[in-house]
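Pasted below: my_file_35.csv, CSV, C-alpha atoms and all ligand atoms.
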```
chain,number,residue,atom,x,y,z
A,169,MET,CA,142.1,48.8,119.9
A,170,ASN,CA,141.3,48.4,116.2
A,171,ILE,CA,139.5,45.2,115.4
A,172,ASN,CA,139.4,44.3,111.7
A,173,CYS,CA,136.3,42.2,110.8
A,174,ILE,CA,136.4,40.0,107.8
A,175,GLY,CA,133.0,39.5,106.1
A,176,PRO,CA,131.8,36.0,105.2
A,177,LEU,CA,134.0,34.4,102.5
A,178,LYS,CA,132.4,34.3,99.1
A,179,TYR,CA,133.2,31.1,97.2
A,180,PRO,CA,132.7,31.1,93.4
A,181,LYS,CA,129.6,29.1,92.4
A,182,PRO,CA,130.7,25.6,91.3
A,183,ASN,CA,130.3,25.0,87.6
A,184,LYS,CA,127.3,22.8,86.8
A,185,ILE,CA,128.5,19.5,85.5
A,186,PRO,CA,126.6,18.6,82.3
A,187,ASN,CA,124.5,15.5,82.3
A,188,ARG,CA,125.7,14.5,78.9
A,189,LEU,CA,129.1,14.3,77.3
A,190,ILE,CA,129.9,14.3,73.6
A,191,TYR,CA,133.4,13.0,72.7
A,192,GLY,CA,135.2,11.7,69.6
A,193,SER,CA,137.5,12.6,66.7
A,194,ASN,CA,137.9,12.3,63.0
A,195,SER,CA,134.3,13.5,62.5
A,196,GLN,CA,132.8,10.6,64.5
A,197,TYR,CA,131.3,11.4,67.9
A,198,ARG,CA,129.5,9.6,70.6
A,199,MET,CA,127.3,10.8,73.4
A,200,VAL,CA,127.1,9.3,76.9
A,201,ASP,CA,125.0,10.0,80.0
A,202,LEU,CA,127.4,11.1,82.7
A,203,LEU,CA,125.1,10.0,85.5
A,204,THR,CA,124.6,6.4,84.4
A,205,GLY,CA,127.4,5.9,82.0
A,206,SER,CA,124.9,4.8,79.3
A,207,TYR,CA,125.8,5.2,75.6
A,208,LEU,CA,123.2,7.4,74.0
A,209,GLY,CA,124.0,7.6,70.4
A,210,LYS,CA,126.4,8.6,67.6
A,211,LEU,CA,127.0,11.4,65.0
A,212,LYS,CA,129.2,11.4,61.9
A,213,VAL,CA,129.8,14.5,59.9
A,214,THR,CA,131.9,15.5,56.8
A,215,PRO,CA,132.7,19.0,55.6
A,216,THR,CA,131.7,19.2,52.0
A,217,GLU,CA,131.4,21.8,49.2
A,218,LEU,CA,128.0,22.3,47.5
A,219,LYS,CA,127.9,23.4,43.9
A,220,ASN,CA,124.9,24.4,41.8
A,221,ASN,CA,122.8,23.4,44.8
A,222,THR,CA,119.0,23.4,44.4
A,223,PHE,CA,118.5,24.8,48.0
A,224,TYR,CA,121.1,27.5,47.9
A,225,LYS,CA,120.8,28.1,44.1
A,226,ASN,CA,124.5,29.0,44.2
A,227,LYS,CA,127.0,29.1,41.3
A,228,GLU,CA,130.1,29.4,43.4
A,229,PRO,CA,130.8,26.4,45.7
A,230,ILE,CA,129.9,26.9,49.3
A,231,LYS,CA,130.9,24.8,52.3
A,232,SER,CA,128.4,22.9,54.4
A,233,LEU,CA,128.8,20.2,57.0
A,234,TYR,CA,127.2,17.0,55.9
A,235,ILE,CA,125.6,14.9,58.6
A,236,ASN,CA,126.3,11.4,57.4
A,237,ASP,CA,124.8,9.7,60.4
A,238,LEU,CA,122.8,10.6,63.5
A,239,TRP,CA,121.5,7.7,65.5
A,240,ILE,CA,120.1,7.6,69.0
A,241,VAL,CA,119.7,4.4,71.0
A,242,PRO,CA,115.9,3.6,70.8
A,243,PHE,CA,115.4,3.6,74.6
A,244,PHE,CA,116.8,7.2,74.8
A,245,ARG,CA,114.8,8.7,71.9
A,246,ARG,CA,112.6,11.7,72.4
A,247,LYS,CA,114.8,12.9,75.3
A,248,ASN,CA,116.6,15.7,73.3
A,249,ALA,CA,119.8,13.7,72.6
A,250,GLY,CA,119.2,14.1,68.9
A,251,SER,CA,118.7,17.9,69.2
A,252,GLU,CA,121.8,18.2,71.4
A,253,PHE,CA,123.9,16.5,68.7
A,254,VAL,CA,122.5,18.8,66.1
A,255,LYS,CA,123.5,21.9,68.2
A,256,PHE,CA,126.9,20.3,68.5
A,257,ALA,CA,127.1,19.8,64.7
A,258,LYS,CA,126.3,23.5,64.2
A,259,ILE,CA,129.4,24.3,66.4
A,260,LEU,CA,131.4,21.9,64.3
A,261,SER,CA,130.2,23.5,61.1
A,262,TYR,CA,131.5,26.9,62.2
A,263,LYS,CA,134.8,25.3,63.3
A,264,GLU,CA,135.2,23.7,59.9
A,265,GLY,CA,134.6,27.0,58.1
A,266,CYS,CA,131.0,26.0,56.9
A,267,LYS,CA,129.5,29.1,58.6
A,268,GLY,CA,126.9,27.1,60.6
A,269,ARG,CA,125.5,25.4,57.4
A,270,LEU,CA,124.3,21.8,57.8
A,271,HIS,CA,122.7,19.3,55.4
A,272,LEU,CA,121.7,15.7,55.4
A,273,LEU,CA,119.7,13.0,53.6
A,274,ALA,CA,116.6,12.5,55.8
A,275,TYR,CA,116.3,8.7,55.7
A,276,ASN,CA,116.0,6.1,58.4
A,277,TYR,CA,118.1,3.2,57.3
A,278,ASP,CA,117.0,1.2,60.4
A,279,ASN,CA,113.4,1.5,59.5
A,280,PRO,CA,112.3,3.3,56.3
A,281,TYR,CA,108.8,3.6,57.7
A,282,GLN,CA,109.9,5.6,60.7
A,283,ALA,CA,111.2,8.5,58.6
A,284,PRO,CA,113.0,11.2,60.6
A,285,HIS,CA,111.8,14.2,58.5
A,286,LYS,CA,109.6,15.6,61.2
A,287,PHE,CA,112.5,15.7,63.6
A,288,TRP,CA,114.6,17.7,61.1
A,289,ARG,CA,111.8,20.0,60.2
A,290,LYS,CA,111.1,20.8,63.9
A,291,LEU,CA,114.8,21.8,64.2
A,292,GLY,CA,114.4,24.3,61.4
A,293,PHE,CA,115.7,22.2,58.4
A,294,ALA,CA,114.1,22.6,55.0
A,295,SER,CA,114.0,20.8,51.7
A,296,ALA,CA,114.8,22.6,48.5
A,297,SER,CA,111.2,21.9,47.5
A,298,GLU,CA,108.6,24.4,48.9
A,299,LYS,CA,105.9,21.8,48.3
A,300,GLU,CA,107.8,19.2,50.5
A,301,ASN,CA,108.2,21.8,53.2
A,302,LYS,CA,104.5,22.5,53.2
A,303,ILE,CA,103.7,18.8,53.4
A,304,LEU,CA,106.1,18.4,56.3
A,305,ASP,CA,104.5,21.4,58.2
A,306,PHE,CA,101.1,20.0,57.5
A,307,ILE,CA,101.9,16.5,58.8
A,308,ILE,CA,103.6,17.9,61.9
A,309,GLU,CA,100.6,20.1,62.6
A,310,ASN,CA,98.2,17.2,62.1
A,311,ASP,CA,100.4,14.6,63.6
A,312,ILE,CA,100.3,12.2,60.6
A,313,ASP,CA,103.0,10.0,59.0
A,314,VAL,CA,105.6,11.1,56.5
A,315,PRO,CA,104.2,10.1,53.0
A,316,PRO,CA,105.9,6.9,51.6
A,317,ASP,CA,107.4,8.7,48.6
A,318,MET,CA,109.4,11.0,50.9
A,319,CYS,CA,110.5,8.1,53.2
A,320,GLN,CA,113.0,7.1,50.5
A,321,GLY,CA,115.2,10.1,51.3
A,322,THR,CA,115.0,13.9,51.2
A,323,PHE,CA,117.9,16.3,51.3
A,324,MET,CA,117.4,18.9,54.0
A,325,PHE,CA,119.4,22.0,54.7
A,326,LYS,CA,119.9,24.6,57.5
A,401,LIG,C1,115.7,10.9,64.5
A,401,LIG,C2,116.4,10.8,65.8
A,401,LIG,C3,117.9,11.1,65.6
A,401,LIG,C4,115.8,11.8,66.7
A,401,LIG,O1,116.5,11.8,68.0
A,401,LIG,P1,115.7,12.1,69.4
A,401,LIG,O2,116.8,12.2,70.4
A,401,LIG,O3,114.7,11.1,69.5
A,401,LIG,O4,115.1,13.5,69.1
A,401,LIG,P2,114.8,14.7,70.1
A,401,LIG,O5,114.3,14.1,71.4
A,401,LIG,O6,115.9,15.6,70.2
A,401,LIG,O7,113.5,15.4,69.4
A,401,LIG,C5,113.5,16.8,69.0
A,401,LIG,C6,112.1,17.1,68.5
A,401,LIG,O8,111.8,16.2,67.4
A,401,LIG,C7,110.7,15.4,67.6
A,401,LIG,N1,110.9,14.1,67.0
A,401,LIG,C8,112.0,13.3,67.2
A,401,LIG,N2,111.8,12.2,66.4
A,401,LIG,C9,110.6,12.3,65.8
A,401,LIG,C10,109.9,11.5,64.9
A,401,LIG,N3,110.4,10.3,64.5
A,401,LIG,N4,108.7,11.9,64.4
A,401,LIG,C11,108.2,13.1,64.9
A,401,LIG,N5,108.8,14.0,65.7
A,401,LIG,C12,110.0,13.6,66.2
A,401,LIG,C13,110.6,15.3,69.2
A,401,LIG,O9,109.3,15.0,69.6
A,401,LIG,C14,111.0,16.7,69.5
A,401,LIG,O10,109.9,17.6,69.3
A,401,LIG,P3,109.4,18.7,70.3
A,401,LIG,O11,110.6,19.7,70.4
A,401,LIG,O12,108.2,19.3,69.7
A,401,LIG,O13,109.2,18.0,71.6
A,401,LIG,C15,116.2,9.4,66.4
A,401,LIG,O14,114.9,9.1,66.5
A,401,LIG,C16,116.9,8.3,65.7
A,401,LIG,O15,118.1,7.9,66.0
A,401,LIG,N6,116.3,7.6,64.7
A,401,LIG,C17,116.8,6.5,63.9
A,401,LIG,C18,118.0,6.9,63.0
A,401,LIG,C19,117.6,8.1,62.1
A,401,LIG,O16,116.5,8.1,61.5
A,401,LIG,N7,118.5,9.1,62.0
A,401,LIG,C20,118.4,10.2,61.2
A,401,LIG,C21,119.1,9.9,59.9
A,401,LIG,S1,118.9,11.2,58.7
```

Representation of the structure as structure tokens:
Amino acid sequence: MNINCIGPLKYPKPNKIPNRLIYGSNSQYRMVDLLTGSYLGKLKVTPTELKNNTFYKNKEPIKSLYINDLWIVPFFRRKNAGSEFVKFAKILSYKEGCKGRLHLLAYNYDNPYQAPHKFWRKLGFASASEKENKILDFIIENDIDVPPDMCQGTFMFK
């Protein structure tokens, strides 16, 4: 008598459910924590064309996604929500034909003395001014504040 044995069934591994969800439309997005339902922050972007830009030094217009607004609820700051939004913005940039380019005005409208420049610099953004980039690298390395003259707003690109 032939007995056919069936080996243990192999189930596909379940997909890991992400802890955070970004949703939105019309260039405005929100992030929520799926475990607690907490609202974490918001992002607003606009595809733009840059002409005669000091960073790209381009003559022909090039497309870059402008980050109009990125804001994380104070309680949830320094927990990577801002970085995750920037990764998402990069995907949007490709989707909008901006080839991954992003730019923004680094300025904290909530509190001008808590300038976000170090956050952007750590994520690889740069000012068109090499001097400003050196200052930012120096203040990150030495853990000091952004100089007041830069707190008024610095265009940064990636
Ligand atoms: C700036 C902001 C978006 C950062 O979001 P976040 O979720 O706190 O940032 P992350 O946790 O992803 O931080 C990523 C890195 O940047 C660093 N970082 C974040 N904010 C920083 C700050 N104000 N100063 C120095 N470093 C900072 C983090 O320590 C982390 O560095 P690490 O990788 O070495 O650990 C958030 O602080 C915020 O909403 N600020 C108020 C609004 C604002 O200024 N928006 C920007 C407008 S241009």

I'd like a table as CSV: residues in stretch 237-257 of chain A with an atom no more than 7 Å from stretch 204-228 of chain A, each row giving the shortest atom pair and its distance in Å to one decimal, all atoms listed in the file counted, sorted by chain and rising residue number.
```
residue,atom,partner,partner_atom,distance
A:Asp237,CA,A:Lys212,CA,4.9
A:Leu238,CA,A:Leu211,CA,4.5
A:Trp239,CA,A:Lys210,CA,5.4
A:Ile240,CA,A:Gly209,CA,4.1
A:Val241,CA,A:Gly209,CA,5.4
A:Phe244,CA,A:Leu208,CA,6.5
```

I need the residues from that last selection saved to file as a JSON list (two decimals), keeping the file's coordinate frame (with C-alpha atoms), if you can.
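Output (selection-v6.json):
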```json
[["chain", "number", "residue", "atom", "x", "y", "z"],
["A", 237, "ASP", "CA", 124.80, 9.70, 60.40],
["A", 238, "LEU", "CA", 122.80, 10.60, 63.50],
["A", 239, "TRP", "CA", 121.50, 7.70, 65.50],
["A", 240, "ILE", "CA", 120.10, 7.60, 69.00],
["A", 241, "VAL", "CA", 119.70, 4.40, 71.00],
["A", 244, "PHE", "CA", 116.80, 7.20, 74.80]]
```

Using all atoms listed in the file, which residues have at least one atom no more than 6 Å from ligand LIG 401 (chain A)? Output them as a count of residues only. 19

Calculated over only C-alpha atoms, which of the candidates A:Ser297, A:Ser195, A:Gln320, A:Gln282 has the smallest distance to A:Phe256?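 Residue with the minimum atom-to-atom distance to A:Phe256: A:Ser195.
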
Pairwise distance, atom CA of A:Phe323 with atom CA of A:His271, equals 7.0 Å

For A:Arg188, which of A:Phe243, A:Tyr234, A:Phe325, A:Phe253 is the closest residue, counting only C-alpha atoms?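 Looking only at the distances to A:Arg188, the closest residue turns out to be A:Phe253.
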
Suppose you want the space between atom CA of A:Leu260 and atom CA of A:Asn236; what is it in Å?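 Atom-to-atom, atom CA of A:Leu260 to atom CA of A:Asn236, that is 13.6 Å.
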
Between atom CA of A:Ser261 and atom CA of A:Gly192 - distance in Å to one decimal: 15.4 Å

List the spatial neighbours of A:Glu300 as an NGL selection string - criterion: any atom at most 12 Å away, all atoms listed in the file, same-chain residues fewer than 3 positions off excluded. :A and (285-286 or 289 or 293-297 or 303-307 or 314-315 or 317-319 or 321-324)

In terms of the shortest atom-to-atom distance over all atoms listed in the file, which of A:Asn310, A:Arg269, A:Lys326, A:Pro280 is closest to A:Gly292?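 Between A:Asn310, A:Arg269, A:Lys326, A:Pro280, the residue approaching A:Gly292 most closely is A:Lys326.
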